[in-house]
$ cat start.csv   # CSV, C-alpha atoms
chain,number,residue,atom,x,y,z
A,7,MET,CA,23.2,43.4,-58.3
A,8,ALA,CA,21.9,46.4,-60.2
A,9,ALA,CA,21.3,44.3,-63.3
A,10,LEU,CA,19.0,41.9,-61.4
A,11,ASP,CA,15.4,42.1,-62.7
A,12,PRO,CA,13.1,43.4,-59.9
A,13,PHE,CA,10.7,40.5,-60.6
A,14,THR,CA,13.2,37.7,-60.7
A,15,PRO,CA,11.5,34.5,-59.4
A,16,THR,CA,12.5,33.6,-55.9
A,17,ASP,CA,14.2,30.4,-56.9
A,18,GLU,CA,16.5,32.3,-59.3
A,19,LEU,CA,17.7,34.9,-56.7
A,20,PRO,CA,21.4,34.9,-55.7
A,21,THR,CA,21.9,32.6,-52.7
A,22,ASP,CA,24.5,31.3,-50.3
A,23,GLY,CA,22.6,28.1,-49.5
A,24,VAL,CA,20.2,29.6,-46.9
A,25,PRO,CA,16.6,29.0,-48.2
A,26,ILE,CA,14.8,32.2,-49.3
A,27,ARG,CA,11.2,32.1,-48.1
A,28,PRO,CA,8.5,34.0,-50.0
A,29,ALA,CA,6.7,36.5,-47.7
A,30,ALA,CA,4.1,39.2,-47.8
A,31,THR,CA,3.5,42.4,-45.8
A,32,VAL,CA,0.7,44.9,-45.7
A,33,VAL,CA,1.0,48.6,-45.1
A,34,LEU,CA,-2.5,49.5,-43.7
A,35,LEU,CA,-3.5,53.1,-44.4
A,36,ALA,CA,-6.0,55.3,-42.6
A,37,ASP,CA,-6.8,59.0,-42.5
A,38,ARG,CA,-6.9,59.8,-38.8
A,39,PRO,CA,-7.4,62.6,-40.0
A,40,HIS,CA,-3.9,62.8,-41.5
A,41,LEU,CA,-2.5,59.8,-43.3
A,42,GLU,CA,-1.3,57.2,-40.9
A,43,VAL,CA,0.1,53.7,-41.2
A,44,LEU,CA,-0.4,50.7,-38.8
A,45,THR,CA,2.9,49.6,-37.3
A,46,LEU,CA,3.8,46.8,-35.0
A,47,ARG,CA,6.8,46.1,-32.7
A,48,ARG,CA,8.2,42.6,-33.0
A,49,SER,CA,9.1,40.6,-29.9
A,50,ASP,CA,12.7,40.9,-28.7
A,51,GLN,CA,12.8,37.0,-28.6
A,52,LEU,CA,12.6,36.6,-32.3
A,53,VAL,CA,15.6,35.6,-34.5
A,54,PHE,CA,14.7,37.9,-37.4
A,55,ALA,CA,14.4,41.7,-36.7
A,56,PRO,CA,13.8,41.4,-32.9
A,57,ASP,CA,12.3,44.5,-31.2
A,58,HIS,CA,12.0,46.2,-34.6
A,59,THR,CA,9.0,48.2,-35.8
A,60,VAL,CA,7.6,46.7,-39.0
A,61,PHE,CA,4.3,46.3,-40.8
A,62,PRO,CA,2.1,43.2,-40.4
A,63,GLY,CA,3.1,40.3,-42.5
A,64,GLY,CA,4.7,36.9,-42.7
A,65,VAL,CA,5.7,33.9,-44.8
A,66,VAL,CA,3.5,32.7,-47.7
A,67,ASP,CA,2.1,29.3,-46.6
A,68,GLN,CA,1.3,26.3,-48.8
A,69,SER,CA,-2.4,26.9,-48.0
A,70,ASP,CA,-2.2,30.4,-49.6
A,71,HIS,CA,-1.7,28.6,-52.9
A,72,ASP,CA,-5.0,26.7,-52.5
A,73,PRO,CA,-6.6,26.6,-56.0
A,74,ARG,CA,-9.9,27.6,-54.4
A,75,TRP,CA,-8.6,31.2,-54.1
A,76,LEU,CA,-9.0,31.6,-57.8
A,77,ASP,CA,-12.8,31.6,-57.2
A,78,LEU,CA,-12.7,33.0,-53.6
A,79,ALA,CA,-10.6,36.2,-54.2
A,80,THR,CA,-11.1,39.1,-56.5
A,81,CYS,CA,-8.0,41.0,-57.7
A,82,ALA,CA,-7.5,44.1,-59.8
A,83,ASP,CA,-5.2,42.0,-62.0
A,84,PRO,CA,-5.0,38.2,-61.1
A,85,ASP,CA,-2.0,37.8,-63.4
A,86,GLU,CA,0.0,40.6,-61.8
A,87,THR,CA,3.4,39.8,-60.1
A,88,PRO,CA,3.4,38.8,-57.3
A,89,GLY,CA,0.7,36.3,-57.6
A,90,LEU,CA,-2.6,35.8,-55.7
A,91,ALA,CA,-0.9,33.7,-53.0
A,92,HIS,CA,1.1,36.7,-51.7
A,93,ARG,CA,-2.1,38.8,-51.4
A,94,VAL,CA,-3.9,36.0,-49.6
A,95,ALA,CA,-0.9,35.6,-47.2
A,96,ALA,CA,-0.8,39.3,-46.6
A,97,VAL,CA,-4.5,39.4,-45.6
A,98,ARG,CA,-4.2,36.2,-43.5
A,99,GLU,CA,-1.1,37.5,-41.6
A,100,THR,CA,-2.9,40.8,-40.9
A,101,ILE,CA,-5.7,39.0,-39.2
A,102,GLU,CA,-3.3,36.8,-37.2
A,103,GLU,CA,-0.9,39.5,-36.1
A,104,VAL,CA,-3.0,42.6,-35.5
A,105,GLY,CA,-6.6,41.4,-35.8
A,106,VAL,CA,-7.6,43.7,-38.7
A,107,LEU,CA,-9.7,42.5,-41.7
A,108,VAL,CA,-8.6,43.4,-45.2
A,109,GLY,CA,-10.9,42.7,-48.2
A,110,THR,CA,-13.8,41.5,-46.1
A,111,THR,CA,-16.2,42.9,-43.5
A,112,GLU,CA,-17.0,39.4,-42.1
A,113,SER,CA,-16.2,40.1,-38.4
A,114,SER,CA,-16.7,36.5,-37.4
A,115,LEU,CA,-13.3,35.7,-39.0
A,116,LEU,CA,-11.6,37.5,-36.1
A,117,THR,CA,-13.0,34.8,-33.7
A,118,HIS,CA,-10.7,32.3,-35.6
A,119,ARG,CA,-7.6,34.6,-35.3
A,120,HIS,CA,-5.6,32.4,-32.9
A,121,GLN,CA,-6.7,29.2,-34.6
A,122,LEU,CA,-5.4,30.6,-37.9
A,123,GLU,CA,-2.1,31.6,-36.3
A,124,GLN,CA,-1.7,28.1,-34.8
A,125,GLY,CA,-2.5,26.4,-38.1
A,126,GLN,CA,-5.6,24.8,-36.6
A,127,VAL,CA,-8.0,26.0,-39.4
A,128,ILE,CA,-7.5,26.7,-43.1
A,129,PHE,CA,-8.1,30.2,-44.2
A,130,ALA,CA,-9.7,29.2,-47.5
A,131,ASP,CA,-12.2,27.0,-45.5
A,132,LEU,CA,-13.2,30.1,-43.5
A,133,ILE,CA,-13.5,32.4,-46.5
A,134,GLU,CA,-15.5,29.8,-48.4
A,135,LYS,CA,-18.2,30.1,-45.7
A,136,THR,CA,-18.2,33.9,-45.6
A,137,GLY,CA,-18.4,35.1,-49.2
A,138,GLY,CA,-14.9,35.6,-50.5
A,139,LEU,CA,-12.2,38.3,-50.5
A,140,ASN,CA,-12.1,41.5,-52.5
A,141,LEU,CA,-8.5,42.3,-53.0
A,142,SER,CA,-8.9,45.0,-55.6
A,143,GLN,CA,-7.5,47.6,-53.3
A,144,VAL,CA,-4.5,45.6,-52.2
A,145,HIS,CA,-1.7,46.9,-54.4
A,146,ALA,CA,2.0,45.8,-54.5
A,147,ILE,CA,4.4,48.7,-54.1
A,148,SER,CA,7.8,47.2,-53.2
A,149,ARG,CA,10.0,44.1,-53.0
A,150,TRP,CA,12.9,43.4,-50.6
A,151,VAL,CA,15.1,40.3,-50.4
A,152,THR,CA,17.1,39.7,-47.2
A,153,PRO,CA,20.8,40.2,-48.0
A,154,MET,CA,23.5,37.5,-47.6
A,155,PRO,CA,24.8,36.3,-45.2
A,156,GLY,CA,22.1,35.7,-42.6
A,157,PRO,CA,20.5,32.9,-40.7
A,158,ARG,CA,17.1,33.5,-42.4
A,159,ARG,CA,16.3,35.1,-45.7
A,160,TYR,CA,13.0,36.3,-47.1
A,161,ASP,CA,11.7,37.5,-50.4
A,162,ALA,CA,9.0,39.9,-49.2
A,163,TYR,CA,6.5,41.8,-51.3
A,164,PHE,CA,4.9,44.9,-49.7
A,165,PHE,CA,1.4,45.9,-50.3
A,166,VAL,CA,-0.8,48.9,-49.4
A,167,ALA,CA,-4.4,48.6,-48.5
A,168,PRO,CA,-7.1,50.7,-46.8
A,169,ALA,CA,-7.8,49.8,-43.2
A,170,PRO,CA,-11.5,49.4,-42.4
A,171,ALA,CA,-13.1,52.4,-40.5
A,172,ASN,CA,-13.9,50.2,-37.5
A,173,ALA,CA,-10.5,48.6,-37.3
A,174,ALA,CA,-9.4,47.9,-33.7
A,175,PRO,CA,-5.9,46.5,-34.0
A,176,ALA,CA,-4.4,44.5,-31.2
A,177,ALA,CA,-1.0,42.7,-31.1
A,178,ASP,CA,-1.2,38.9,-31.0
A,179,GLY,CA,1.2,38.8,-28.0
A,180,GLY,CA,3.5,36.4,-29.8
A,181,GLU,CA,5.5,37.8,-32.7
A,182,ALA,CA,3.8,41.2,-32.3
A,183,VAL,CA,3.9,42.8,-28.8
A,184,GLU,CA,2.7,46.3,-29.6
A,185,VAL,CA,0.7,48.2,-32.3
A,186,ALA,CA,0.5,51.9,-33.2
A,187,TRP,CA,-0.9,54.2,-35.8
A,188,LEU,CA,1.8,56.6,-36.9
A,189,ARG,CA,2.2,59.3,-39.6
A,190,PRO,CA,5.0,58.2,-41.9
A,191,ALA,CA,7.1,61.3,-41.1
A,192,GLN,CA,6.5,60.8,-37.4
A,193,ALA,CA,7.7,57.2,-37.5
A,194,LEU,CA,10.9,58.3,-39.4
A,195,GLN,CA,11.5,60.9,-36.8
A,196,GLN,CA,11.2,58.4,-34.0
A,197,TRP,CA,13.7,56.1,-35.8
A,198,ALA,CA,16.1,59.0,-36.2
A,199,THR,CA,16.0,59.7,-32.5
A,200,GLY,CA,16.5,56.1,-31.6
A,201,GLU,CA,13.0,55.7,-30.2
A,202,LEU,CA,12.2,53.0,-32.8
A,203,THR,CA,14.3,50.5,-34.5
A,204,MET,CA,13.7,49.7,-38.2
A,205,ILE,CA,15.2,47.9,-41.1
A,206,SER,CA,15.7,49.4,-44.5
A,207,PRO,CA,12.5,48.1,-46.2
A,208,THR,CA,10.3,49.7,-43.5
A,209,ARG,CA,12.2,53.0,-43.8
A,210,SER,CA,12.1,53.0,-47.6
A,211,ILE,CA,8.3,52.7,-47.6
A,212,LEU,CA,7.8,55.3,-44.9
A,213,GLN,CA,10.0,57.7,-46.8
A,214,ARG,CA,8.0,57.3,-50.0
A,215,LEU,CA,4.7,57.6,-48.1
A,216,ALA,CA,5.7,60.7,-46.2
A,217,GLY,CA,4.9,62.9,-49.3
A,218,TYR,CA,1.3,61.7,-49.5
A,219,GLN,CA,-1.6,63.4,-47.7
A,220,THR,CA,-4.5,60.9,-47.9
A,221,THR,CA,-5.2,57.2,-48.3
A,222,ALA,CA,-7.0,57.8,-51.6
A,223,GLN,CA,-3.9,59.5,-53.0
A,224,VAL,CA,-1.7,56.5,-52.1
A,225,LEU,CA,-4.1,53.9,-53.5
A,226,ALA,CA,-4.6,55.8,-56.7
A,227,ALA,CA,-0.8,56.1,-57.2
A,228,ALA,CA,-0.3,52.4,-56.2
A,229,ALA,CA,-2.9,51.3,-58.7
A,230,LEU,CA,-1.0,53.0,-61.5
A,231,GLY,CA,2.4,52.0,-60.2
A,232,GLY,CA,5.7,53.1,-61.8
A,233,PRO,CA,9.1,51.8,-62.8
A,234,PRO,CA,10.8,49.9,-60.0
A,235,GLU,CA,13.5,52.0,-58.3
A,236,LEU,CA,16.5,50.3,-56.9
A,237,VAL,CA,17.1,51.6,-53.4
A,238,ARG,CA,20.6,52.2,-52.0
A,239,ILE,CA,21.4,52.1,-48.3
A,240,GLY,CA,24.3,53.1,-46.0
A,241,ASP,CA,25.0,52.0,-42.5
A,242,GLU,CA,21.8,50.4,-41.0
A,243,HIS,CA,21.9,52.6,-37.9
A,244,SER,CA,22.8,56.0,-39.3
A,245,GLU,CA,21.8,56.4,-42.9
A,246,LYS,CA,18.4,56.9,-44.5
A,247,VAL,CA,17.7,54.9,-47.7
A,248,TYR,CA,18.2,56.6,-51.0
A,249,PHE,CA,16.1,56.7,-54.1
A,250,PRO,CA,17.6,57.4,-57.5
A,251,ALA,CA,16.3,61.0,-57.5
A,252,ASP,CA,17.7,61.8,-54.0
A,253,PRO,CA,20.9,63.9,-53.7
A,254,GLY,CA,23.8,61.6,-52.8
A,255,TYR,CA,22.3,58.4,-54.4
A,256,HIS,CA,25.6,57.8,-56.1
A,257,GLN,CA,27.8,58.3,-53.0
A,258,SER,CA,30.6,55.7,-52.9
A,259,HIS,CA,29.8,54.5,-49.4
A,260,LEU,CA,26.3,53.6,-50.3
A,261,LYS,CA,25.5,50.0,-51.4
A,262,GLU,CA,22.9,48.5,-53.6
A,263,GLY,CA,20.7,45.9,-52.0
A,264,MET,CA,17.9,43.8,-53.4
A,265,GLY,CA,15.2,46.3,-52.6
A,266,TRP,CA,12.9,48.0,-55.1
A,267,VAL,CA,10.0,50.4,-54.7
A,268,TRP,CA,7.5,51.2,-57.5
A,269,LEU,CA,5.1,53.4,-55.6
A,270,PRO,CA,5.7,56.7,-57.4
A,271,ALA,CA,6.8,59.7,-55.4
A,272,ALA,CA,4.0,62.0,-54.4
A,273,PRO,CA,3.6,65.1,-56.6
A,274,ALA,CA,5.5,68.1,-55.2

$ encode --input "start.csv" --output "structure tokens"
Amino acid sequence: MAALDPFTPTDELPTDGVPIRPAATVVLLADRPHLEVLTLRRSDQLVFAPDHTVFPGGVVDQSDHDPRWLDLATCADPDETPGLAHRVAAVRETIEEVGVLVGTTESSLLTHRHQLEQGQVIFADLIEKTGGLNLSQVHAISRWVTPMPGPRRYDAYFFVAPAPANAAPAADGGEAVEVAWLRPAQALQQWATGELTMISPTRSILQRLAGYQTTAQVLAAAALGGPPELVRIGDEHSEKVYFPADPGYHQSHLKEGMGWVWLPAAPA
């Protein structure tokens, strides 16, 4: 597992026959006045991660690969892995799940939120009428692949992006039942006390963000990136996730998953 390239294509990942679905997640950042991230709590009726606190996101749809996005969306590096479709999916899912715009100030898009979620309108059609998406501040920072075995598996890339100053997030009432702005350290503390339930990818990103003070610092570091760090994890309910520089990273009871983070650690 350790030898697996962090950017191995989805169709070349180890599998037990369960389809691996590409997915995208956005960690929305805001200084309120301290650095906070937007979290949502998933419905307890869902098959995957029920009642867990996560970031907005979902599966990359076929419409996210629409060739029109090459003209409709502006990226810092259009050839960067993951591709444009993941960024488009991340923005679309954020509108659907929490009603927050990323890469556009066109508030009329929010009136189509539930139509988007139900697949009744095409995202590219809407953006084509409103002037495009600026995704230059949407930066990939992590990748996690659901381990085997499991009924559902995802290959999820995680992005950071600044939340608009006038953002008024609201849960969609379907997959997302509650939203909250939390400081990264605060969210981790609530997980440690059992107030929140989180999976390893969420915790790994919160741990890495906890050292940062402002949105600008995170975005600057994310734009530069760093070498992907393979995360190690212990028991899902009692252990934090471990980065290579952490004491105890090589403890025998820890296991390596398919999870990498390349947002650099904040300067001490």

$ closest_atom_pairs --input "start.csv" --of "stretch 33-122 of chain A" --to "stretch 155-164 of chain A" --cutoff "10 Å" --atoms "all atoms listed in the file" --output "JSON lines"
{"residue": "A:Val33", "atom": "CA", "partner": "A:Phe164", "partner_atom": "CA", "distance": 7.1}
{"residue": "A:Val53", "atom": "CA", "partner": "A:Arg158", "partner_atom": "CA", "distance": 8.3}
{"residue": "A:Phe54", "atom": "CA", "partner": "A:Arg158", "partner_atom": "CA", "distance": 7.1}
{"residue": "A:Phe61", "atom": "CA", "partner": "A:Phe164", "partner_atom": "CA", "distance": 9.0}
{"residue": "A:Pro62", "atom": "CA", "partner": "A:Phe164", "partner_atom": "CA", "distance": 9.9}
{"residue": "A:Gly63", "atom": "CA", "partner": "A:Phe164", "partner_atom": "CA", "distance": 8.7}
{"residue": "A:Gly64", "atom": "CA", "partner": "A:Ala162", "partner_atom": "CA", "distance": 8.4}
{"residue": "A:Val65", "atom": "CA", "partner": "A:Tyr160", "partner_atom": "CA", "distance": 8.0}
{"residue": "A:Val66", "atom": "CA", "partner": "A:Ala162", "partner_atom": "CA", "distance": 9.2}
{"residue": "A:Thr87", "atom": "CA", "partner": "A:Tyr163", "partner_atom": "CA", "distance": 9.5}
{"residue": "A:Pro88", "atom": "CA", "partner": "A:Tyr163", "partner_atom": "CA", "distance": 7.4}
{"residue": "A:His92", "atom": "CA", "partner": "A:Tyr163", "partner_atom": "CA", "distance": 7.4}
{"residue": "A:Arg93", "atom": "CA", "partner": "A:Tyr163", "partner_atom": "CA", "distance": 9.1}
{"residue": "A:Ala96", "atom": "CA", "partner": "A:Phe164", "partner_atom": "CA", "distance": 8.6}

$ write_last_selection --input "start.csv" --atoms "C-alpha atoms" --output "short mmCIF file (atom, residue, chain, number, x, y, z; two decimals), in the frame of the given file"
data_model
loop_
_atom_site.label_atom_id
_atom_site.label_comp_id
_atom_site.auth_asym_id
_atom_site.auth_seq_id
_atom_site.Cartn_x
_atom_site.Cartn_y
_atom_site.Cartn_z
CA VAL A 33 1.00 48.60 -45.10
CA VAL A 53 15.60 35.60 -34.50
CA PHE A 54 14.70 37.90 -37.40
CA PHE A 61 4.30 46.30 -40.80
CA PRO A 62 2.10 43.20 -40.40
CA GLY A 63 3.10 40.30 -42.50
CA GLY A 64 4.70 36.90 -42.70
CA VAL A 65 5.70 33.90 -44.80
CA VAL A 66 3.50 32.70 -47.70
CA THR A 87 3.40 39.80 -60.10
CA PRO A 88 3.40 38.80 -57.30
CA HIS A 92 1.10 36.70 -51.70
CA ARG A 93 -2.10 38.80 -51.40
CA ALA A 96 -0.80 39.30 -46.60
#

$ closest_residue --input "start.csv" --among "A:Asp57, A:His71, A:Gly179, A:Val166" --to "A:Thr221" --atoms "only C-alpha atoms"
A:Val166

$ residues_near_point --input "start.csv" --point "(10.1, 39.8, -23.9)" --cutoff "12 Å" --atoms "all atoms listed in the file" --output "PDB file with C-alpha atoms, keeping the file's coordinate frame"
ATOM      1  CA  ARG A  47       6.800  46.100 -32.700  1.00  0.00           C
ATOM      2  CA  ARG A  48       8.200  42.600 -33.000  1.00  0.00           C
ATOM      3  CA  SER A  49       9.100  40.600 -29.900  1.00  0.00           C
ATOM      4  CA  ASP A  50      12.700  40.900 -28.700  1.00  0.00           C
ATOM      5  CA  GLN A  51      12.800  37.000 -28.600  1.00  0.00           C
ATOM      6  CA  LEU A  52      12.600  36.600 -32.300  1.00  0.00           C
ATOM      7  CA  PRO A  56      13.800  41.400 -32.900  1.00  0.00           C
ATOM      8  CA  ASP A  57      12.300  44.500 -31.200  1.00  0.00           C
ATOM      9  CA  GLY A 179       1.200  38.800 -28.000  1.00  0.00           C
ATOM     10  CA  GLY A 180       3.500  36.400 -29.800  1.00  0.00           C
ATOM     11  CA  GLU A 181       5.500  37.800 -32.700  1.00  0.00           C
ATOM     12  CA  ALA A 182       3.800  41.200 -32.300  1.00  0.00           C
ATOM     13  CA  VAL A 183       3.900  42.800 -28.800  1.00  0.00           C
ATOM     14  CA  GLU A 184       2.700  46.300 -29.600  1.00  0.00           C
TER      15      GLU A 184
END

$ closest_residue --input "start.csv" --among "A:Ala173, A:Val247, A:Leu269, A:Ala228" --to "A:Ile205" --atoms "all atoms listed in the file"
A:Val247

$ atom_distance --input "start.csv" --atom1 "atom CA of A:Leu35" --atom2 "atom CA of A:Ala146"
13.6 Å

$ residues_around --input "start.csv" --residues "A:Gly138" --least-positions-apart "5" --cutoff "6 Å" --atoms "all atoms listed in the file" --output "ChimeraX atom specification"
/A:78-79,133

$ residues_around --input "start.csv" --residues "A:Arg214" --least-positions-apart "2" --cutoff "8 Å" --atoms "only C-alpha atoms" --output "list in words"
Ser210, Ile211, Leu212, Ala216, Gly217, Leu269, Pro270, Ala271 and Ala272 of chain A

$ write_last_selection --input "start.csv" --atoms "C-alpha atoms" --output "PDB file, keeping the file's coordinate frame"
ATOM      1  CA  SER A 210      12.100  53.000 -47.600  1.00  0.00           C
ATOM      2  CA  ILE A 211       8.300  52.700 -47.600  1.00  0.00           C
ATOM      3  CA  LEU A 212       7.800  55.300 -44.900  1.00  0.00           C
ATOM      4  CA  ALA A 216       5.700  60.700 -46.200  1.00  0.00           C
ATOM      5  CA  GLY A 217       4.900  62.900 -49.300  1.00  0.00           C
ATOM      6  CA  LEU A 269       5.100  53.400 -55.600  1.00  0.00           C
ATOM      7  CA  PRO A 270       5.700  56.700 -57.400  1.00  0.00           C
ATOM      8  CA  ALA A 271       6.800  59.700 -55.400  1.00  0.00           C
ATOM      9  CA  ALA A 272       4.000  62.000 -54.400  1.00  0.00           C
TER      10      ALA A 272
END

$ residues_around --input "start.csv" --residues "A:Ala176" --least-positions-apart "3" --cutoff "8 Å" --atoms "all atoms listed in the file" --output "ChimeraX atom specification"
/A:103-105,184-185

$ residues_near_point --input "start.csv" --point "(-5.9, 63.3, -43.6)" --cutoff "6 Å" --atoms "only C-alpha atoms" --output "number ranges by chain"
A: 37, 39-41, 219-220

$ closest_residue --input "start.csv" --among "A:Leu46, A:Leu141, A:Ala251, A:Ala171" --to "A:His58" --atoms "only C-alpha atoms"
A:Leu46

$ atom_distance --input "start.csv" --atom1 "atom CA of A:Trp197" --atom2 "atom CA of A:Thr45"
12.7 Å

$ residues_around --input "start.csv" --residues "A:Glu123" --least-positions-apart "2" --cutoff "9 Å" --atoms "all atoms listed in the file" --output "list in words"
Arg98, Glu99, Ile101, Glu102, Glu103, His118, Arg119, His120, Gln121, Gly125, Gln126 and Val127 of chain A

$ residues_around --input "start.csv" --residues "A:Leu194" --least-positions-apart "5" --cutoff "10 Å" --atoms "only C-alpha atoms" --output "list of chain:residue names"
A:Leu188, A:Arg189, A:Thr199, A:Gly200, A:Glu201, A:Leu202, A:Thr203, A:Met204, A:Thr208, A:Arg209, A:Ser210, A:Leu212, A:Gln213, A:Ala216, A:Lys246

$ closest_residue --input "start.csv" --among "A:Asn172, A:Thr31, A:Gln257, A:Thr21" --to "A:Thr100" --atoms "only C-alpha atoms"
A:Thr31

$ decode --input "start.csv" --residues "stretch 20-78 of chain A" --atoms "C-alpha atoms" --output "short mmCIF file (atom, residue, chain, number, x, y, z; two decimals), in the first residue's frame"
data_model
loop_
_atom_site.label_atom_id
_atom_site.label_comp_id
_atom_site.auth_asym_id
_atom_site.auth_seq_id
_atom_site.Cartn_x
_atom_site.Cartn_y
_atom_site.Cartn_z
CA PRO A 20 -6.78 -1.97 -5.72
CA THR A 21 -10.33 -3.29 -5.71
CA ASP A 22 -12.40 -6.20 -4.44
CA GLY A 23 -15.01 -5.76 -7.15
CA VAL A 24 -16.97 -2.93 -5.50
CA PRO A 25 -16.97 0.02 -7.95
CA ILE A 26 -14.84 2.98 -6.85
CA ARG A 27 -16.65 6.23 -7.60
CA PRO A 28 -14.72 9.49 -8.12
CA ALA A 29 -15.80 12.19 -5.65
CA ALA A 30 -14.91 15.74 -4.65
CA THR A 31 -15.16 17.62 -1.35
CA VAL A 32 -14.64 21.29 -0.47
CA VAL A 33 -13.30 22.60 2.82
CA LEU A 34 -14.76 26.13 2.91
CA LEU A 35 -12.65 28.59 4.90
CA ALA A 36 -13.62 31.84 6.63
CA ASP A 37 -12.04 34.15 9.20
CA ARG A 38 -14.80 34.64 11.79
CA PRO A 39 -12.53 36.28 13.04
CA HIS A 40 -10.45 33.15 13.69
CA LEU A 41 -10.03 30.55 10.97
CA GLU A 42 -13.13 28.36 10.75
CA VAL A 43 -14.32 25.63 8.38
CA LEU A 44 -17.84 24.83 7.26
CA THR A 45 -18.98 21.39 8.37
CA LEU A 46 -22.18 19.49 7.82
CA ARG A 47 -23.77 16.55 9.60
CA ARG A 48 -24.99 13.77 7.36
CA SER A 49 -28.40 12.17 7.77
CA ASP A 50 -28.48 9.07 9.96
CA GLN A 51 -30.45 7.36 7.18
CA LEU A 52 -27.52 7.27 4.75
CA VAL A 53 -25.59 4.09 3.98
CA PHE A 54 -22.18 5.78 3.89
CA ALA A 55 -20.99 7.66 7.00
CA PRO A 56 -24.45 8.15 8.58
CA ASP A 57 -24.67 10.89 11.23
CA HIS A 58 -21.03 11.84 10.58
CA THR A 59 -19.64 15.35 10.47
CA VAL A 60 -18.00 15.96 7.09
CA PHE A 61 -17.34 18.71 4.55
CA PRO A 62 -19.66 19.42 1.59
CA GLY A 63 -19.08 17.15 -1.38
CA GLY A 64 -20.25 14.24 -3.45
CA VAL A 65 -19.80 12.07 -6.50
CA VAL A 66 -18.40 13.45 -9.76
CA ASP A 67 -21.27 13.28 -12.27
CA GLN A 68 -21.02 12.76 -16.00
CA SER A 69 -22.19 16.35 -16.48
CA ASP A 70 -19.09 17.55 -14.62
CA HIS A 71 -17.06 16.27 -17.59
CA ASP A 72 -19.01 18.44 -20.06
CA PRO A 73 -16.44 19.81 -22.56
CA ARG A 74 -17.97 23.27 -22.20
CA TRP A 75 -16.23 23.57 -18.82
CA LEU A 76 -12.94 24.10 -20.62
CA ASP A 77 -14.28 27.51 -21.66
CA LEU A 78 -16.60 28.17 -18.71
#
